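**Student:** File query_6.cif below, mmCIF, C-alpha atoms and all ligand atoms:
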data_work
loop_
_atom_site.label_atom_id
_atom_site.label_comp_id
_atom_site.auth_asym_id
_atom_site.auth_seq_id
_atom_site.Cartn_x
_atom_site.Cartn_y
_atom_site.Cartn_z
CA MET A 1 98.41 4.34 98.45
CA ARG A 2 99.33 5.59 101.87
CA PRO A 3 101.04 8.97 101.39
CA SER A 4 104.26 9.88 103.20
CA PHE A 5 103.10 13.49 103.57
CA GLN A 6 100.04 14.95 105.20
CA THR A 7 99.04 18.42 104.06
CA HIS A 8 97.31 20.87 106.34
CA LEU A 9 96.05 24.28 105.28
CA VAL A 10 96.69 26.23 108.46
CA ASN A 11 94.36 29.24 108.11
CA GLY A 12 90.94 29.93 106.64
CA VAL A 13 90.71 30.72 102.93
CA PHE A 14 90.24 34.45 103.60
CA GLU A 15 93.33 34.57 105.83
CA ASP A 16 97.07 34.28 105.20
CA PRO A 17 97.86 31.23 103.07
CA VAL A 18 100.10 28.78 104.97
CA LEU A 19 100.57 25.16 103.95
CA TYR A 20 102.01 22.79 106.56
CA VAL A 21 103.29 19.47 105.22
CA ASP A 22 103.85 16.87 107.89
CA PHE A 23 106.00 13.78 107.37
CA VAL A 24 104.03 10.70 108.39
CA PHE A 25 107.06 8.59 109.30
CA GLU A 26 109.35 11.26 110.76
CA LYS A 27 109.17 14.11 113.24
CA ARG A 28 109.63 16.66 110.52
CA ALA A 29 107.55 19.14 108.55
CA LEU A 30 107.82 21.60 105.67
CA LEU A 31 106.16 24.99 105.63
CA PHE A 32 105.02 26.89 102.57
CA ASP A 33 104.78 30.59 103.45
CA ALA A 34 104.91 32.08 106.91
CA GLY A 35 102.18 34.69 107.26
CA ASN A 36 100.04 34.07 110.34
CA LEU A 37 101.44 30.93 112.03
CA ARG A 38 99.62 31.31 115.36
CA ASN A 39 97.08 28.63 114.48
CA LEU A 40 99.86 26.04 114.48
CA ALA A 41 100.77 24.41 117.80
CA THR A 42 104.33 25.05 119.03
CA ARG A 43 105.19 21.33 118.85
CA LYS A 44 104.18 21.34 115.18
CA LEU A 45 106.20 24.44 114.37
CA LEU A 46 109.25 22.95 116.06
CA ARG A 47 109.10 20.08 113.56
CA VAL A 48 109.64 22.47 110.65
CA SER A 49 112.99 21.93 108.94
CA ASP A 50 112.45 23.97 105.78
CA VAL A 51 110.37 27.04 104.99
CA MET A 52 109.52 27.94 101.42
CA ILE A 53 108.61 31.63 101.17
CA SER A 54 106.78 32.70 98.00
CA HIS A 55 107.57 36.42 98.42
CA ALA A 56 107.99 38.98 101.16
CA HIS A 57 104.55 40.58 101.26
CA MET A 58 103.53 40.59 104.92
CA ASP A 59 100.78 38.01 104.59
CA HIS A 60 103.44 35.49 103.50
CA PHE A 61 106.39 36.38 105.71
CA ALA A 62 105.30 38.20 108.88
CA ASP A 63 105.49 35.27 111.29
CA PHE A 64 109.02 34.30 110.40
CA ASP A 65 109.65 36.18 113.67
CA TRP A 66 107.38 33.80 115.56
CA LEU A 67 109.24 30.80 114.20
CA LEU A 68 112.49 32.45 115.26
CA ARG A 69 111.06 33.12 118.72
CA LEU A 70 110.23 29.44 119.18
CA MET A 71 113.48 28.05 117.78
CA VAL A 72 116.08 30.30 119.38
CA GLY A 73 117.99 28.46 122.11
CA ARG A 74 117.34 25.06 120.55
CA ASP A 75 119.81 22.81 118.78
CA LYS A 76 118.25 23.17 115.37
CA THR A 77 118.88 24.19 111.77
CA LEU A 78 116.17 25.96 109.82
CA ARG A 79 116.51 26.26 106.07
CA VAL A 80 114.63 29.11 104.43
CA PHE A 81 114.08 29.48 100.69
CA GLY A 82 112.67 32.41 98.76
CA PRO A 83 113.14 34.96 96.00
CA THR A 84 115.95 37.48 95.41
CA GLY A 85 116.57 39.71 98.40
CA LEU A 86 115.52 37.13 101.00
CA ILE A 87 118.97 36.97 102.65
CA GLN A 88 118.89 40.69 103.31
CA ARG A 89 115.30 40.55 104.55
CA VAL A 90 116.10 37.76 107.01
CA GLU A 91 119.17 39.70 108.12
CA HIS A 92 116.99 42.77 108.74
CA LYS A 93 114.56 40.70 110.80
CA LEU A 94 117.41 39.22 112.84
CA ASN A 95 118.99 42.65 113.30
CA ALA A 96 115.77 43.97 114.81
CA TYR A 97 116.62 42.21 118.09
CA SER A 98 119.49 42.31 120.61
CA TRP A 99 121.53 39.11 120.81
CA ASN A 100 124.04 40.06 123.51
CA LEU A 101 123.32 36.98 125.67
CA VAL A 102 123.26 34.24 123.04
CA HIS A 103 126.92 33.24 123.31
CA ASN A 104 125.96 31.69 126.68
CA TYR A 105 123.49 29.28 125.08
CA SER A 106 124.60 25.67 125.06
CA ASP A 107 122.54 24.84 121.96
CA ASP A 108 123.09 26.54 118.66
CA PHE A 109 120.30 27.54 116.33
CA VAL A 110 121.28 28.05 112.70
CA VAL A 111 119.30 29.69 109.90
CA ILE A 112 120.42 28.93 106.34
CA VAL A 113 118.84 31.18 103.74
CA THR A 114 118.81 30.41 100.02
CA GLU A 115 117.49 32.99 97.59
CA LEU A 116 116.73 32.01 94.03
CA ASN A 117 118.09 34.65 91.67
CA SER A 118 117.35 32.86 88.41
CA ASP A 119 116.19 29.42 87.28
CA SER A 120 119.79 28.24 87.44
CA GLU A 121 121.43 30.20 90.25
CA ALA A 122 120.88 30.84 93.93
CA LYS A 123 122.76 32.63 96.67
CA ARG A 124 123.15 31.25 100.18
CA ALA A 125 124.04 32.66 103.60
CA ARG A 126 124.17 31.28 107.10
CA PHE A 127 123.22 32.95 110.39
CA ARG A 128 124.34 31.30 113.64
CA CYS A 129 122.67 32.19 116.91
CA ARG A 130 125.88 31.89 118.92
CA ASP A 131 127.53 34.43 116.60
CA GLY A 132 124.70 36.86 117.26
CA PHE A 133 123.27 36.00 113.83
CA GLN A 134 126.04 37.74 111.90
CA GLN A 135 125.68 36.91 108.24
CA GLN A 136 128.15 34.34 106.91
CA PRO A 137 127.85 34.46 103.10
CA GLU A 138 128.23 31.11 101.35
CA GLY A 139 128.25 32.47 97.81
CA CYS A 140 126.41 31.27 94.73
CA ILE A 141 125.16 27.79 94.11
CA GLU A 142 124.03 26.22 90.88
CA ILE A 143 120.40 25.20 90.63
CA CYS A 144 119.38 22.47 88.21
CA GLY A 145 115.81 22.29 86.93
CA GLY A 146 114.63 24.56 89.75
CA VAL A 147 115.42 21.87 92.35
CA ILE A 148 116.17 23.60 95.66
CA ILE A 149 115.93 20.52 97.91
CA ASP A 150 117.01 17.07 96.78
CA GLU A 151 116.85 14.29 99.35
CA PRO A 152 116.61 10.52 98.86
CA ALA A 153 112.86 10.49 99.50
CA PHE A 154 111.70 13.77 97.92
CA ARG A 155 112.62 16.95 96.14
CA VAL A 156 111.25 20.49 96.14
CA ARG A 157 111.25 22.46 92.92
CA ALA A 158 110.82 26.24 92.74
CA ALA A 159 110.00 28.50 89.82
CA ILE A 160 110.10 32.27 89.64
CA PHE A 161 106.79 33.91 88.75
CA GLU A 162 105.92 37.53 88.13
CA HIS A 163 103.79 39.31 90.76
CA ASP A 164 105.18 42.77 89.98
CA ILE A 165 108.02 41.44 92.14
CA PRO A 166 109.48 37.92 91.81
CA CYS A 167 107.29 35.34 93.55
CA LEU A 168 108.17 31.66 93.88
CA GLY A 169 105.79 28.83 93.16
CA TYR A 170 106.72 25.42 94.56
CA CYS A 171 106.26 21.75 93.88
CA LEU A 172 107.00 19.00 96.39
CA GLU A 173 107.68 15.68 94.69
CA GLU A 174 107.93 12.39 96.52
CA LYS A 175 110.41 10.35 94.47
CA GLN A 176 108.95 6.91 94.99
CA HIS A 177 106.35 5.62 97.30
CA VAL A 178 107.30 2.40 99.05
CA ASN A 179 104.56 0.35 100.69
CA VAL A 180 105.16 -2.72 102.83
CA TRP A 181 102.82 -5.70 102.42
CA LYS A 182 102.29 -6.52 106.10
CA ASN A 183 100.71 -9.93 105.39
CA ARG A 184 103.70 -11.05 103.31
CA LEU A 185 105.99 -9.89 106.07
CA ALA A 186 104.17 -12.22 108.44
CA ALA A 187 104.25 -15.06 105.90
CA LEU A 188 108.04 -14.80 105.70
CA GLN A 189 108.21 -14.59 109.51
CA LEU A 190 109.83 -11.18 109.33
CA PRO A 191 109.22 -8.74 112.18
CA VAL A 192 107.75 -5.24 111.92
CA GLY A 193 110.32 -2.74 113.15
CA PRO A 194 112.80 0.05 112.46
CA TRP A 195 114.67 -2.10 109.94
CA LEU A 196 111.83 -1.41 107.47
CA ARG A 197 112.91 2.23 107.46
CA ASP A 198 116.45 1.15 106.49
CA LEU A 199 114.96 -1.06 103.81
CA LYS A 200 112.96 1.85 102.33
CA GLN A 201 116.03 4.07 102.53
CA ALA A 202 118.00 1.49 100.54
CA VAL A 203 115.27 1.61 97.85
CA PHE A 204 115.32 5.46 97.79
CA GLU A 205 119.09 5.37 97.42
CA SER A 206 118.76 2.87 94.53
CA LYS A 207 121.15 0.42 96.16
CA SER A 208 121.91 -2.74 94.19
CA ASP A 209 119.65 -5.77 94.52
CA ASP A 210 122.33 -7.88 96.18
CA THR A 211 122.75 -5.39 99.06
CA LEU A 212 122.13 -7.29 102.29
CA ILE A 213 119.53 -5.81 104.60
CA ARG A 214 119.49 -6.68 108.27
CA ALA A 215 115.94 -7.71 109.17
CA TRP A 216 115.79 -7.71 112.92
CA GLY A 217 113.31 -7.67 115.75
CA VAL A 218 113.09 -8.11 119.49
CA ASP A 219 110.89 -10.80 120.96
CA ASN A 220 110.87 -11.48 124.71
CA LYS A 221 114.06 -9.44 125.05
CA LEU A 222 115.73 -11.72 122.48
CA VAL A 223 117.08 -10.10 119.35
CA SER A 224 116.59 -12.09 116.18
CA GLU A 225 118.20 -11.14 112.89
CA ARG A 226 118.48 -12.27 109.30
CA PHE A 227 120.40 -10.77 106.43
CA LEU A 228 118.38 -10.77 103.21
CA PRO A 229 119.10 -9.36 99.74
CA LEU A 230 117.37 -6.12 98.84
CA GLY A 231 116.16 -7.50 95.49
CA MET A 232 114.34 -10.39 97.17
CA LEU A 233 112.75 -8.09 99.77
CA LYS A 234 111.62 -5.65 97.07
CA LYS A 235 109.96 -8.48 95.18
CA GLU A 236 108.40 -10.23 98.15
CA ILE A 237 107.30 -7.55 100.60
CA LEU A 238 107.45 -4.12 98.94
CA ARG A 239 105.31 -2.33 96.42
CA VAL A 240 107.12 0.59 94.83
CA VAL A 241 104.87 3.14 93.09
CA ALA A 242 105.29 6.71 91.83
CA GLY A 243 105.22 9.24 94.69
CA GLN A 244 102.76 12.06 95.10
CA LYS A 245 103.29 15.57 93.78
CA ILE A 246 101.99 18.61 95.68
CA GLY A 247 101.90 22.11 94.16
CA TYR A 248 101.70 25.47 95.96
CA LEU A 249 101.08 28.57 93.87
CA VAL A 250 100.03 31.99 95.15
CA ASP A 251 100.21 35.61 94.03
CA ILE A 252 100.97 35.50 90.35
CA GLY A 253 99.67 37.62 87.49
CA TYR A 254 97.83 35.87 84.67
CA ASN A 255 100.18 36.34 81.75
CA GLU A 256 101.62 33.96 79.20
CA LEU A 257 104.99 33.57 80.84
CA ASN A 258 103.50 32.75 84.27
CA ARG A 259 100.91 30.49 82.69
CA ASN A 260 103.45 28.42 80.73
CA LYS A 261 105.76 28.13 83.71
CA ALA A 262 102.96 27.06 86.05
CA ILE A 263 101.72 24.41 83.62
CA ALA A 264 105.24 23.00 83.29
CA VAL A 265 106.09 22.98 87.01
CA LEU A 266 102.72 21.72 88.23
CA HIS A 267 102.21 19.18 85.42
CA GLU A 268 100.00 16.30 86.65
CA CYS A 269 100.36 17.15 90.31
CA ASP A 270 98.16 15.10 92.62
CA LEU A 271 97.25 18.03 94.83
CA LEU A 272 97.40 21.69 93.87
CA PHE A 273 96.96 24.54 96.36
CA ILE A 274 96.33 27.61 94.21
CA GLU A 275 95.31 31.17 94.92
CA CYS A 276 91.87 32.33 93.80
CA ALA A 277 92.16 35.93 94.91
CA PHE A 278 89.44 37.54 92.81
CA MET A 279 86.33 36.67 90.87
CA GLN A 280 86.40 36.99 87.10
CA GLU A 281 84.06 40.02 87.29
CA HIS A 282 87.01 41.81 88.94
CA ALA A 283 89.63 40.54 86.47
CA ASP A 284 90.81 44.14 85.96
CA ILE A 285 91.65 44.51 89.68
CA ALA A 286 93.30 41.06 89.68
CA ALA A 287 95.42 42.11 86.69
CA SER A 288 96.49 45.40 88.26
CA ARG A 289 97.48 43.64 91.52
CA LYS A 290 99.07 40.69 89.70
CA HIS A 291 96.81 38.04 91.19
CA LEU A 292 94.76 35.22 89.69
CA THR A 293 91.00 35.16 89.44
CA ALA A 294 89.23 31.95 90.42
CA GLN A 295 88.49 31.25 86.76
CA GLN A 296 92.12 31.77 85.75
CA ALA A 297 93.29 29.51 88.58
CA GLY A 298 90.85 26.82 87.44
CA LEU A 299 91.94 27.09 83.79
CA LEU A 300 95.57 26.92 84.81
CA ALA A 301 95.03 23.89 87.02
CA LYS A 302 93.11 22.18 84.23
CA ALA A 303 95.86 22.90 81.69
CA ALA A 304 98.41 21.47 84.14
CA ASN A 305 96.18 18.40 84.48
CA ALA A 306 96.14 18.70 88.29
CA LYS A 307 94.24 15.81 89.84
CA GLN A 308 92.86 17.63 92.88
CA VAL A 309 92.63 21.40 93.28
CA ILE A 310 92.39 23.21 96.62
CA PRO A 311 91.49 26.87 96.12
CA ILE A 312 93.17 29.22 98.67
CA HIS A 313 93.92 32.90 99.38
CA PHE A 314 90.50 34.46 98.67
CA SER A 315 90.21 38.24 98.88
CA PRO A 316 88.21 39.23 102.01
CA ARG A 317 85.92 41.28 99.76
CA TYR A 318 84.14 37.98 98.96
CA SER A 319 83.71 36.89 102.58
CA ASP A 320 79.95 36.51 102.00
CA ARG A 321 80.40 34.92 98.54
CA GLU A 322 82.76 32.05 99.22
CA HIS A 323 80.40 29.64 97.51
CA ALA A 324 80.33 31.72 94.30
CA LEU A 325 84.12 31.88 94.24
CA ARG A 326 84.43 28.12 94.63
CA ALA A 327 81.77 27.62 91.95
CA GLU A 328 83.84 29.73 89.55
CA VAL A 329 86.92 27.52 90.03
CA GLU A 330 84.86 24.36 89.62
CA ALA A 331 83.26 25.69 86.43
CA ALA A 332 86.70 26.47 84.96
CA LEU A 333 87.86 22.98 85.91
CA GLY A 334 84.85 21.56 84.08
CA MET A 335 83.31 20.14 87.27
CA ARG A 336 80.04 22.05 86.79
ZN ZN A 401 101.57 39.30 97.32
#
What is this structure when it is put down as structure tokens?

**Tutor:**
Amino acid sequence: MRPSFQTHLVNGVFEDPVLYVDFVFEKRALLFDAGNLRNLATRKLLRVSDVMISHAHMDHFADFDWLLRLMVGRDKTLRVFGPTGLIQRVEHKLNAYSWNLVHNYSDDFVVIVTELNSDSEAKRARFRCRDGFQQQPEGCIEICGGVIIDEPAFRVRAAIFEHDIPCLGYCLEEKQHVNVWKNRLAALQLPVGPWLRDLKQAVFESKSDDTLIRAWGVDNKLVSERFLPLGMLKKEILRVVAGQKIGYLVDIGYNELNRNKAIAVLHECDLLFIECAFMQEHADIAASRKHLTAQQAGLLAKAANAKQVIPIHFSPRYSDREHALRAEVEAALGMR
């Protein structure tokens, strides 16, 4: 299966956790947390459409300013999601700067912030560059099943965990994965081209099988086209399989409530990025700081039946014991 998303862990495991998820077929990316972003090229950061913030500790939120610096003056909308209080925090960050010249800009940059106040309710506000980033409240919105983004191709689910303060864990779910059989395309004398994107979109939108799809291509400056029913194309040239599920979980205490929530949200995810802040020998420190130990992270991932686990966010105190920390996760997962 060729995935539609490419994940990239931006920093080293002892540094700020930042997960960059690139769209393979689009110039777009999602960002999970925004601590140190300086290891990401500007062109990559400019692709970011949505930022999922776990919580506002500095190592997860500090470089929101850098993102702002790069995007101001561009015709762009950035959506930011996070826990209660995020709207005010973004407003404070925006208020830290003078915006007296922005009404002259020809392009408008818009930041839309959504803060999750409970599993069923969020609050939203908009900040427009040309208005000097004055807050425009948009009121409360209903959240269903923790789904904060719902697009034809994917959804992002958030859940509120306890880290002394609320901290959001996230799950990115590709709805369906649509592969094109290139050899069958050739056998039917159908061209490769942008129409395949429209075809996939029609599948994502669950259009009826008799919907006609325009299959077109350009050969020697001549445009050829055929109109074919979606149902026939699905049967002959597409393979539709379940999409991949990617989890991101950092900074949570190991208690029953967090554990049950994590297992439910991350159930059978293909790829799980999970914090392993401390070793089990320091479980008392982990508990007092509301973090997971490597063993707890491993047990949690195992209970959620995660297929692949990527340990992240190690405490720098283990900088010379990275191997031992990884071994602890693997042991808990039953790999050793
Ligand atoms: Zn934290």

**Student:** Calculated over all atoms listed in the file, which of the candidates A:Gly82, A:Gly217, A:Pro137, A:Gly298 has the smallest distance to Glu275 of chain A?

**Tutor:**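 Among the listed residues, A:Gly298 lies closest to Glu275 of chain A.
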
**Student:** How many Å lie between atom CA of Asp209 of chain A and atom CA of Ser4 of chain A, rounded to one decimal?

**Tutor:** 23.6 Å

**Student:** So, with all atoms listed in the file as the atoms that count, which of A:Ala277, A:Val240, A:Leu230, A:Ile141 lies closest to ligand ZN 401 (chain A)?

**Tutor:**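 Checking each candidate against ligand ZN 401 (chain A), we get A:Ala277 as the closest.
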
**Student:** To one decimal place, how far is atom CA of Ala304 of chain A from atom CA of Ala327 of chain A in Å?

**Tutor:**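 Between atom CA of Ala304 of chain A and atom CA of Ala327 of chain A the gap is 19.4 Å.
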
**Student:** Atom CA of Leu172 of chain A and atom CA of Gly85 of chain A, how far apart in Å?

**Tutor:**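 So the two atoms, atom CA of Gly85 of chain A and atom CA of Leu172 of chain A, lie 22.9 Å apart.
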
**Student:** Output segment 186-202 of chain A as an mmCIF file, keeping the file's coordinate frame, making sure N, CA and C atoms are there.

**Tutor:**
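Wrote rebuild-v2.cif, looks like this:
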data_model
loop_
_atom_site.group_PDB
_atom_site.id
_atom_site.type_symbol
_atom_site.label_atom_id
_atom_site.label_comp_id
_atom_site.auth_asym_id
_atom_site.auth_seq_id
_atom_site.Cartn_x
_atom_site.Cartn_y
_atom_site.Cartn_z
ATOM 1 N N ALA A 186 104.519 -11.172 107.468
ATOM 2 C CA ALA A 186 104.170 -12.220 108.440
ATOM 3 C C ALA A 186 104.424 -13.614 107.841
ATOM 4 N N ALA A 187 104.068 -13.764 106.550
ATOM 5 C CA ALA A 187 104.250 -15.060 105.900
ATOM 6 C C ALA A 187 105.717 -15.480 105.865
ATOM 7 N N LEU A 188 106.600 -14.501 105.742
ATOM 8 C CA LEU A 188 108.040 -14.800 105.700
ATOM 9 C C LEU A 188 108.654 -14.795 107.105
ATOM 10 N N GLN A 189 107.786 -14.632 108.104
ATOM 11 C CA GLN A 189 108.210 -14.590 109.510
ATOM 12 C C GLN A 189 109.250 -13.484 109.753
ATOM 13 N N LEU A 190 108.954 -12.344 109.136
ATOM 14 C CA LEU A 190 109.830 -11.180 109.330
ATOM 15 C C LEU A 190 109.133 -10.198 110.276
ATOM 16 N N PRO A 191 109.858 -9.634 111.209
ATOM 17 C CA PRO A 191 109.220 -8.740 112.180
ATOM 18 C C PRO A 191 108.943 -7.343 111.616
ATOM 19 N N VAL A 192 107.967 -6.655 112.216
ATOM 20 C CA VAL A 192 107.750 -5.240 111.920
ATOM 21 C C VAL A 192 108.716 -4.485 112.814
ATOM 22 N N GLY A 193 109.381 -3.467 112.307
ATOM 23 C CA GLY A 193 110.320 -2.740 113.150
ATOM 24 C C GLY A 193 111.103 -1.699 112.392
ATOM 25 N N PRO A 194 112.040 -1.052 113.080
ATOM 26 C CA PRO A 194 112.800 0.050 112.460
ATOM 27 C C PRO A 194 113.617 -0.363 111.241
ATOM 28 N N TRP A 195 113.888 -1.657 111.100
ATOM 29 C CA TRP A 195 114.670 -2.100 109.940
ATOM 30 C C TRP A 195 113.944 -1.821 108.631
ATOM 31 N N LEU A 196 112.600 -1.702 108.693
ATOM 32 C CA LEU A 196 111.830 -1.410 107.470
ATOM 33 C C LEU A 196 112.159 -0.026 106.937
ATOM 34 N N ARG A 197 112.513 0.878 107.867
ATOM 35 C CA ARG A 197 112.910 2.230 107.460
ATOM 36 C C ARG A 197 114.242 2.160 106.683
ATOM 37 N N ASP A 198 115.156 1.325 107.193
ATOM 38 C CA ASP A 198 116.450 1.150 106.490
ATOM 39 C C ASP A 198 116.228 0.521 105.114
ATOM 40 N N LEU A 199 115.279 -0.402 105.078
ATOM 41 C CA LEU A 199 114.960 -1.060 103.810
ATOM 42 C C LEU A 199 114.451 -0.033 102.794
ATOM 43 N N LYS A 200 113.511 0.829 103.238
ATOM 44 C CA LYS A 200 112.960 1.850 102.330
ATOM 45 C C LYS A 200 114.061 2.813 101.897
ATOM 46 N N GLN A 201 114.922 3.155 102.828
ATOM 47 C CA GLN A 201 116.030 4.070 102.530
ATOM 48 C C GLN A 201 116.929 3.473 101.437
ATOM 49 N N ALA A 202 117.169 2.169 101.539
ATOM 50 C CA ALA A 202 118.000 1.490 100.540
ATOM 51 C C ALA A 202 117.339 1.571 99.158
#
